[in-house]
>>> print(open('run26.txt').read())   # compact mmCIF, C-alpha atoms
# COMPACT_ATOMS: atom_id res chain seq x y z
CA MET A 247 -122.80 161.88 -57.77
CA ARG A 248 -121.60 165.25 -56.42
CA ARG A 249 -121.07 163.69 -53.02
CA HIS A 250 -118.91 160.97 -54.62
CA ILE A 251 -116.80 163.57 -56.48
CA ARG A 252 -116.36 165.65 -53.32
CA PHE A 253 -115.29 162.52 -51.43
CA LEU A 254 -112.70 161.69 -54.12
CA ALA A 255 -111.40 165.27 -54.10
CA LEU A 256 -111.11 165.22 -50.31
CA ALA A 257 -109.34 161.84 -50.38
CA ALA A 258 -106.89 163.10 -53.02
CA ALA A 259 -106.16 166.22 -51.00
CA LEU A 260 -105.54 164.20 -47.86
CA LEU A 261 -103.42 161.54 -49.55
CA SER A 262 -101.28 163.71 -51.82
CA PRO A 263 -98.75 164.72 -49.11
CA ALA A 264 -98.31 161.06 -48.15
CA LEU A 265 -97.84 160.02 -51.76
CA ARG A 266 -95.25 162.77 -52.32
CA ALA A 267 -93.39 161.66 -49.18
CA GLN A 268 -93.02 158.15 -50.65
CA SER A 269 -91.45 159.32 -53.91
CA PRO A 270 -87.69 158.90 -54.33
CA GLY A 271 -85.46 161.66 -53.00
CA THR A 272 -83.33 164.06 -54.94
CA PRO A 273 -80.55 162.31 -56.89
CA VAL A 274 -77.04 162.63 -55.55
CA ALA A 275 -75.20 165.57 -57.13
CA ALA A 276 -72.67 164.58 -59.77
CA VAL A 277 -69.08 164.35 -58.57
CA PRO A 278 -66.73 165.39 -61.41
CA ASP A 279 -63.91 162.90 -60.72
CA CYS A 280 -66.14 159.82 -60.58
CA PRO A 281 -66.09 157.35 -63.47
CA SER A 282 -68.83 157.39 -66.06
CA THR A 283 -71.57 154.77 -65.90
CA ALA A 284 -72.94 155.36 -69.39
CA THR A 285 -72.56 151.64 -70.15
CA LEU A 286 -73.10 148.57 -68.00
CA ASP A 287 -69.40 147.66 -68.34
CA GLN A 288 -68.55 151.10 -66.97
CA LEU A 289 -71.05 150.61 -64.14
CA ILE A 290 -69.38 147.34 -63.12
CA ALA A 291 -65.91 148.97 -63.22
CA ALA A 292 -67.22 151.93 -61.20
CA ILE A 293 -68.74 149.61 -58.56
CA ASP A 294 -65.42 147.77 -58.21
CA ALA A 295 -63.50 151.06 -57.89
CA ALA A 296 -65.97 152.57 -55.41
CA VAL A 297 -66.09 149.48 -53.18
CA SER A 298 -62.35 148.80 -53.21
CA GLY A 299 -59.65 150.47 -51.13
CA PRO A 300 -59.42 151.51 -47.49
CA GLY A 301 -62.59 151.23 -45.44
CA ASN A 302 -62.47 154.89 -44.47
CA LYS A 303 -61.97 156.37 -47.96
CA ASP A 304 -64.17 159.11 -49.39
CA ARG A 305 -67.37 157.48 -50.68
CA ALA A 306 -68.68 160.31 -52.90
CA CYS A 307 -68.30 158.20 -56.04
CA PHE A 308 -69.92 155.23 -54.30
CA ARG A 309 -72.96 157.37 -53.41
CA GLN A 310 -73.24 158.64 -56.98
CA LEU A 311 -73.68 155.09 -58.29
CA PHE A 312 -76.98 154.58 -56.50
CA THR A 313 -80.53 155.86 -56.71
CA PRO A 314 -81.50 157.82 -53.57
CA ASP A 315 -83.53 154.95 -52.10
CA ALA A 316 -81.19 152.11 -53.12
CA ARG A 317 -80.63 149.08 -50.91
CA LEU A 318 -77.62 146.86 -50.35
CA ILE A 319 -78.57 143.44 -49.06
CA PRO A 320 -75.93 140.95 -47.95
CA ILE A 321 -77.21 137.43 -47.28
CA ARG A 322 -75.57 135.92 -44.21
CA ILE A 323 -75.40 132.15 -43.84
CA ALA A 324 -75.47 130.80 -40.28
CA ALA A 325 -73.66 127.63 -39.19
CA ASP A 326 -76.97 125.76 -39.41
CA GLY A 327 -77.40 126.89 -43.06
CA THR A 328 -80.08 129.48 -42.32
CA ALA A 329 -79.93 132.44 -44.72
CA THR A 330 -80.70 135.91 -43.36
CA PRO A 331 -80.82 139.09 -45.48
CA ARG A 332 -79.60 142.31 -43.90
CA MET A 333 -81.20 145.43 -45.40
CA LEU A 334 -78.79 148.36 -45.68
CA THR A 335 -79.12 151.85 -47.07
CA VAL A 336 -76.13 153.30 -48.90
CA GLN A 337 -75.20 155.19 -45.72
CA ASP A 338 -75.54 152.03 -43.60
CA TRP A 339 -73.07 150.25 -45.91
CA ILE A 340 -70.64 153.20 -45.81
CA ASP A 341 -70.81 153.30 -41.99
CA ALA A 342 -70.22 149.54 -41.69
CA VAL A 343 -67.23 149.57 -44.07
CA ALA A 344 -65.73 152.67 -42.42
CA LYS A 345 -65.29 150.60 -39.24
CA ARG A 346 -62.43 148.81 -41.05
CA GLY A 347 -60.50 152.08 -40.86
CA SER A 348 -57.46 152.06 -43.16
CA ALA A 349 -57.63 148.28 -43.77
CA VAL A 350 -57.97 147.64 -47.50
CA PHE A 351 -59.57 145.08 -49.74
CA TYR A 352 -60.29 145.00 -53.46
CA GLU A 353 -63.37 143.66 -55.18
CA LYS A 354 -63.39 142.58 -58.80
CA GLN A 355 -66.27 141.25 -60.83
CA ILE A 356 -64.84 138.17 -62.57
CA ASN A 357 -67.88 137.12 -64.61
CA VAL A 358 -70.98 139.17 -65.40
CA ARG A 359 -74.19 138.07 -67.11
CA LYS A 360 -76.36 140.96 -68.29
CA GLU A 361 -80.07 141.03 -68.99
CA THR A 362 -81.45 144.33 -70.25
CA TRP A 363 -84.55 145.81 -71.71
CA ALA A 364 -85.26 149.49 -72.31
CA HIS A 365 -84.08 151.34 -69.19
CA ILE A 366 -83.68 148.39 -66.81
CA ALA A 367 -80.92 145.87 -66.30
CA HIS A 368 -80.16 142.87 -64.14
CA LEU A 369 -76.52 141.93 -63.66
CA TRP A 370 -75.67 138.51 -62.27
CA SER A 371 -72.09 139.05 -61.27
CA THR A 372 -69.52 136.72 -59.72
CA TYR A 373 -67.07 138.65 -57.56
CA GLU A 374 -63.83 138.03 -55.72
CA THR A 375 -62.34 140.12 -52.95
CA ARG A 376 -58.58 140.27 -52.43
CA THR A 377 -56.08 142.05 -50.26
CA THR A 378 -54.23 143.68 -53.19
CA PRO A 379 -55.55 145.26 -56.40
CA ASP A 380 -53.67 142.90 -58.70
CA GLY A 381 -54.21 139.84 -56.53
CA LYS A 382 -50.53 138.85 -56.54
CA PRO A 383 -49.36 136.57 -53.70
CA PRO A 384 -48.53 136.42 -50.92
CA GLU A 385 -50.79 139.26 -49.74
CA GLY A 386 -53.14 139.08 -52.71
CA LYS A 387 -54.95 135.90 -51.80
CA VAL A 388 -58.67 135.62 -52.45
CA LEU A 389 -60.55 136.57 -49.29
CA ASP A 390 -63.91 135.44 -50.56
CA ARG A 391 -66.05 135.22 -53.63
CA GLY A 392 -69.74 135.08 -54.28
CA ILE A 393 -72.48 136.44 -56.47
CA ASN A 394 -74.00 139.92 -56.71
CA SER A 395 -77.52 140.32 -58.05
CA ILE A 396 -77.56 143.94 -59.26
CA GLN A 397 -80.66 145.79 -60.47
CA ALA A 398 -79.98 149.01 -62.33
CA VAL A 399 -81.89 151.73 -64.14
CA PHE A 400 -80.73 153.96 -67.00
CA ASP A 401 -81.76 157.62 -66.68
CA GLY A 402 -80.94 158.41 -70.32
CA LYS A 403 -77.30 159.27 -69.55
CA GLN A 404 -76.00 157.01 -66.78
CA TRP A 405 -76.80 153.66 -65.17
CA HIS A 406 -77.66 153.79 -61.46
CA VAL A 407 -77.93 150.90 -59.03
CA MET A 408 -81.29 150.40 -57.36
CA GLN A 409 -80.35 147.30 -55.40
CA ILE A 410 -77.53 144.85 -54.86
CA VAL A 411 -78.21 141.53 -53.16
CA TRP A 412 -75.14 139.37 -52.57
CA GLN A 413 -74.04 136.16 -50.97
CA ALA A 414 -70.51 134.95 -50.40
CA GLU A 415 -69.90 131.30 -51.11
CA VAL A 416 -69.66 128.87 -48.22
CA PRO A 417 -68.52 125.22 -48.35
CA ALA A 418 -72.13 124.04 -48.57
CA ASP A 419 -72.89 126.54 -51.39
CA PRO A 420 -69.85 127.05 -53.65
CA VAL A 421 -70.22 129.30 -56.70
CA PRO A 422 -71.31 127.00 -59.55
CA ALA A 423 -68.77 126.50 -62.35
CA LYS A 424 -71.17 128.07 -64.89
CA TYR A 425 -70.77 131.43 -63.08
CA LEU A 426 -66.96 131.35 -63.02
CA PRO A 427 -64.74 132.74 -65.81
>>> encode(input="run26.txt", output="structure tokens")
Amino acid sequence: MRRHIRFLALAAALLSPALRAQSPGTPVAAVPDCPSTATLDQLIAAIDAAVSGPGNKDRACFRQLFTPDARLIPIRIAADGTATPRMLTVQDWIDAVAKRGSAVFYEKQINVRKETWAHIAHLWSTYETRTTPDGKPPEGKVLDRGINSIQAVFDGKQWHVMQIVWQAEVPADPVPAKYLP
């Protein structure tokens, strides 16, 4: 029995650094000018604001929306119809978008379905991207639209995104009418 207890104590001592290393990092420090995410509606508005604008804009508010280990996962559809997820960290997404330089686009969630319980939420959100914030022609045409699958957690004060998986519509897979406004 003592041998078994010593073995468990040794195993715990050896494994504890590895277990601590797997725990989520320190949350991003609050940025005073960023919008509140105390409600899910505010979270959606904050995502739209943080994603939209020039590619090389300051992304402090974008970072604040996410948990430290969050993932952004676009699904790319190949010409043959094959779907491939691309796993991005928050920094990976920022780096990719920054390559657009001063080119702008605006994302707006046009229909959101919310499922919540306790401190977790799933948002099934139809989005459109445009070249102007109000979408007025001729420059404001819809660039694309698709669906975001957003998982969020409430820390008692604010909602934070843990993961966003999205797919833009393609001719073979248009956004179903039930997900449009």
>>> residues_around(input="run26.txt", residues="Trp363 (chain A)", least_positions_apart="4", cutoff="10 Å", atoms="all atoms listed in the file", output="PyMOL selection string")
chain A and resi 367-368+399
>>> write_last_selection(input="run26.txt", atoms="C-alpha atoms", output="tab-separated table (two decimals), keeping the file's coordinate frame")
chain	number	residue	atom	x	y	z
A	367	ALA	CA	-80.92	145.87	-66.30
A	368	HIS	CA	-80.16	142.87	-64.14
A	399	VAL	CA	-81.89	151.73	-64.14
>>> closest_residue(input="run26.txt", among="A:Ser298, A:Gln404, A:Thr283, A:Gln337", to="Glu374 (chain A)", atoms="only C-alpha atoms")
A:Ser298
>>> closest_residue(input="run26.txt", among="A:Gln413, A:Thr313, A:Gln397, A:Thr372", to="Val336 (chain A)", atoms="only C-alpha atoms")
A:Thr313
>>> residues_around(input="run26.txt", residues="Asp341 (chain A)", least_positions_apart="5", cutoff="10 Å", atoms="all atoms listed in the file", output="PyMOL selection string")
chain A and resi 301-302+335-336+346
>>> closest_residue(input="run26.txt", among="A:Ala364, A:Ala291, A:Ala325, A:Ile340", to="Asp304 (chain A)", atoms="only C-alpha atoms")
A:Ile340
>>> residues_around(input="run26.txt", residues="Thr330 (chain A)", least_positions_apart="2", cutoff="12 Å", atoms="only C-alpha atoms", output="PyMOL selection string")
chain A and resi 319-328+332-333+411-413
>>> closest_residue(input="run26.txt", among="A:Leu426, A:Ala292, A:Val297, A:Ala414", to="Val343 (chain A)", atoms="all atoms listed in the file")
A:Val297
>>> closest_residue(input="run26.txt", among="A:Arg359, A:His406, A:Lys345, A:Lys424", to="Gln310 (chain A)", atoms="all atoms listed in the file")
A:His406
>>> closest_residue(input="run26.txt", among="A:Cys280, A:Leu311, A:Ile393, A:Ala329", to="Val358 (chain A)", atoms="all atoms listed in the file")
A:Ile393
>>> build_atoms(input="run26.txt", residues="region 298-309 of chain A", atoms="all heavy atoms", output="PDB file, in the frame of the given file")
ATOM      1  N   SER A 298     -63.716 149.188 -53.544  1.00  0.00           N
ATOM      2  CA  SER A 298     -62.350 148.800 -53.210  1.00  0.00           C
ATOM      3  C   SER A 298     -61.571 149.911 -52.531  1.00  0.00           C
ATOM      4  O   SER A 298     -61.870 151.088 -52.705  1.00  0.00           O
ATOM      5  CB  SER A 298     -61.613 148.375 -54.480  1.00  0.00           C
ATOM      6  OG  SER A 298     -62.244 147.255 -55.064  1.00  0.00           O
ATOM      7  N   GLY A 299     -60.545 149.513 -51.779  1.00  0.00           N
ATOM      8  CA  GLY A 299     -59.650 150.470 -51.130  1.00  0.00           C
ATOM      9  C   GLY A 299     -59.814 150.438 -49.624  1.00  0.00           C
ATOM     10  O   GLY A 299     -60.414 149.515 -49.062  1.00  0.00           O
ATOM     11  N   PRO A 300     -59.293 151.457 -48.952  1.00  0.00           N
ATOM     12  CA  PRO A 300     -59.420 151.510 -47.490  1.00  0.00           C
ATOM     13  C   PRO A 300     -60.874 151.694 -47.067  1.00  0.00           C
ATOM     14  O   PRO A 300     -61.652 152.343 -47.768  1.00  0.00           O
ATOM     15  CB  PRO A 300     -58.578 152.708 -47.078  1.00  0.00           C
ATOM     16  CG  PRO A 300     -58.194 153.412 -48.311  1.00  0.00           C
ATOM     17  CD  PRO A 300     -58.524 152.571 -49.488  1.00  0.00           C
ATOM     18  N   GLY A 301     -61.223 151.128 -45.938  1.00  0.00           N
ATOM     19  CA  GLY A 301     -62.590 151.230 -45.440  1.00  0.00           C
ATOM     20  C   GLY A 301     -63.035 152.650 -45.195  1.00  0.00           C
ATOM     21  O   GLY A 301     -64.211 152.979 -45.364  1.00  0.00           O
ATOM     22  N   ASN A 302     -62.101 153.519 -44.821  1.00  0.00           N
ATOM     23  CA  ASN A 302     -62.470 154.890 -44.470  1.00  0.00           C
ATOM     24  C   ASN A 302     -62.238 155.891 -45.603  1.00  0.00           C
ATOM     25  O   ASN A 302     -62.189 157.085 -45.359  1.00  0.00           O
ATOM     26  CB  ASN A 302     -61.697 155.324 -43.219  1.00  0.00           C
ATOM     27  CG  ASN A 302     -60.188 155.222 -43.389  1.00  0.00           C
ATOM     28  OD1 ASN A 302     -59.691 154.867 -44.451  1.00  0.00           O
ATOM     29  ND2 ASN A 302     -59.460 155.516 -42.331  1.00  0.00           N
ATOM     30  N   LYS A 303     -62.177 155.423 -46.847  1.00  0.00           N
ATOM     31  CA  LYS A 303     -61.970 156.370 -47.960  1.00  0.00           C
ATOM     32  C   LYS A 303     -63.223 157.182 -48.244  1.00  0.00           C
ATOM     33  O   LYS A 303     -64.325 156.825 -47.820  1.00  0.00           O
ATOM     34  CB  LYS A 303     -61.492 155.628 -49.209  1.00  0.00           C
ATOM     35  CG  LYS A 303     -62.573 154.952 -50.032  1.00  0.00           C
ATOM     36  CD  LYS A 303     -61.967 154.337 -51.281  1.00  0.00           C
ATOM     37  CE  LYS A 303     -63.012 153.984 -52.316  1.00  0.00           C
ATOM     38  NZ  LYS A 303     -62.416 153.480 -53.542  1.00  0.00           N
ATOM     39  N   ASP A 304     -63.041 158.255 -48.981  1.00  0.00           N
ATOM     40  CA  ASP A 304     -64.170 159.110 -49.390  1.00  0.00           C
ATOM     41  C   ASP A 304     -65.110 158.276 -50.258  1.00  0.00           C
ATOM     42  O   ASP A 304     -64.673 157.627 -51.205  1.00  0.00           O
ATOM     43  CB  ASP A 304     -63.631 160.314 -50.163  1.00  0.00           C
ATOM     44  CG  ASP A 304     -64.730 161.235 -50.670  1.00  0.00           C
ATOM     45  OD1 ASP A 304     -65.908 161.049 -50.299  1.00  0.00           O
ATOM     46  OD2 ASP A 304     -64.405 162.151 -51.436  1.00  0.00           O
ATOM     47  N   ARG A 305     -66.378 158.299 -49.968  1.00  0.00           N
ATOM     48  CA  ARG A 305     -67.370 157.480 -50.680  1.00  0.00           C
ATOM     49  C   ARG A 305     -68.278 158.294 -51.583  1.00  0.00           C
ATOM     50  O   ARG A 305     -69.384 157.857 -51.923  1.00  0.00           O
ATOM     51  CB  ARG A 305     -68.192 156.672 -49.683  1.00  0.00           C
ATOM     52  CG  ARG A 305     -67.384 155.693 -48.854  1.00  0.00           C
ATOM     53  CD  ARG A 305     -66.860 154.541 -49.680  1.00  0.00           C
ATOM     54  NE  ARG A 305     -65.999 153.691 -48.850  1.00  0.00           N
ATOM     55  CZ  ARG A 305     -65.442 152.595 -49.283  1.00  0.00           C
ATOM     56  NH1 ARG A 305     -65.644 152.186 -50.511  1.00  0.00           N
ATOM     57  NH2 ARG A 305     -64.658 151.902 -48.490  1.00  0.00           N
ATOM     58  N   ALA A 306     -67.846 159.471 -52.023  1.00  0.00           N
ATOM     59  CA  ALA A 306     -68.680 160.310 -52.900  1.00  0.00           C
ATOM     60  C   ALA A 306     -69.020 159.575 -54.195  1.00  0.00           C
ATOM     61  O   ALA A 306     -70.163 159.608 -54.653  1.00  0.00           O
ATOM     62  CB  ALA A 306     -67.995 161.639 -53.187  1.00  0.00           C
ATOM     63  N   CYS A 307     -68.037 158.920 -54.791  1.00  0.00           N
ATOM     64  CA  CYS A 307     -68.300 158.200 -56.040  1.00  0.00           C
ATOM     65  C   CYS A 307     -69.206 156.992 -55.797  1.00  0.00           C
ATOM     66  O   CYS A 307     -70.044 156.652 -56.637  1.00  0.00           O
ATOM     67  CB  CYS A 307     -67.001 157.779 -56.703  1.00  0.00           C
ATOM     68  SG  CYS A 307     -66.053 159.184 -57.365  1.00  0.00           S
ATOM     69  N   PHE A 308     -69.050 156.348 -54.658  1.00  0.00           N
ATOM     70  CA  PHE A 308     -69.920 155.230 -54.300  1.00  0.00           C
ATOM     71  C   PHE A 308     -71.368 155.712 -54.237  1.00  0.00           C
ATOM     72  O   PHE A 308     -72.257 155.112 -54.843  1.00  0.00           O
ATOM     73  CB  PHE A 308     -69.478 154.637 -52.952  1.00  0.00           C
ATOM     74  CG  PHE A 308     -70.273 153.447 -52.521  1.00  0.00           C
ATOM     75  CD1 PHE A 308     -70.006 152.190 -53.037  1.00  0.00           C
ATOM     76  CD2 PHE A 308     -71.300 153.574 -51.591  1.00  0.00           C
ATOM     77  CE1 PHE A 308     -70.742 151.079 -52.633  1.00  0.00           C
ATOM     78  CE2 PHE A 308     -72.037 152.485 -51.185  1.00  0.00           C
ATOM     79  CZ  PHE A 308     -71.753 151.228 -51.702  1.00  0.00           C
ATOM     80  N   ARG A 309     -71.605 156.816 -53.527  1.00  0.00           N
ATOM     81  CA  ARG A 309     -72.960 157.370 -53.410  1.00  0.00           C
ATOM     82  C   ARG A 309     -73.567 157.687 -54.776  1.00  0.00           C
ATOM     83  O   ARG A 309     -74.748 157.466 -55.006  1.00  0.00           O
ATOM     84  CB  ARG A 309     -72.948 158.654 -52.597  1.00  0.00           C
ATOM     85  CG  ARG A 309     -72.729 158.503 -51.147  1.00  0.00           C
ATOM     86  CD  ARG A 309     -72.760 159.901 -50.484  1.00  0.00           C
ATOM     87  NE  ARG A 309     -72.157 159.875 -49.189  1.00  0.00           N
ATOM     88  CZ  ARG A 309     -72.719 159.386 -48.104  1.00  0.00           C
ATOM     89  NH1 ARG A 309     -73.923 158.887 -48.179  1.00  0.00           N
ATOM     90  NH2 ARG A 309     -72.084 159.393 -46.954  1.00  0.00           N
TER      91      ARG A 309
END
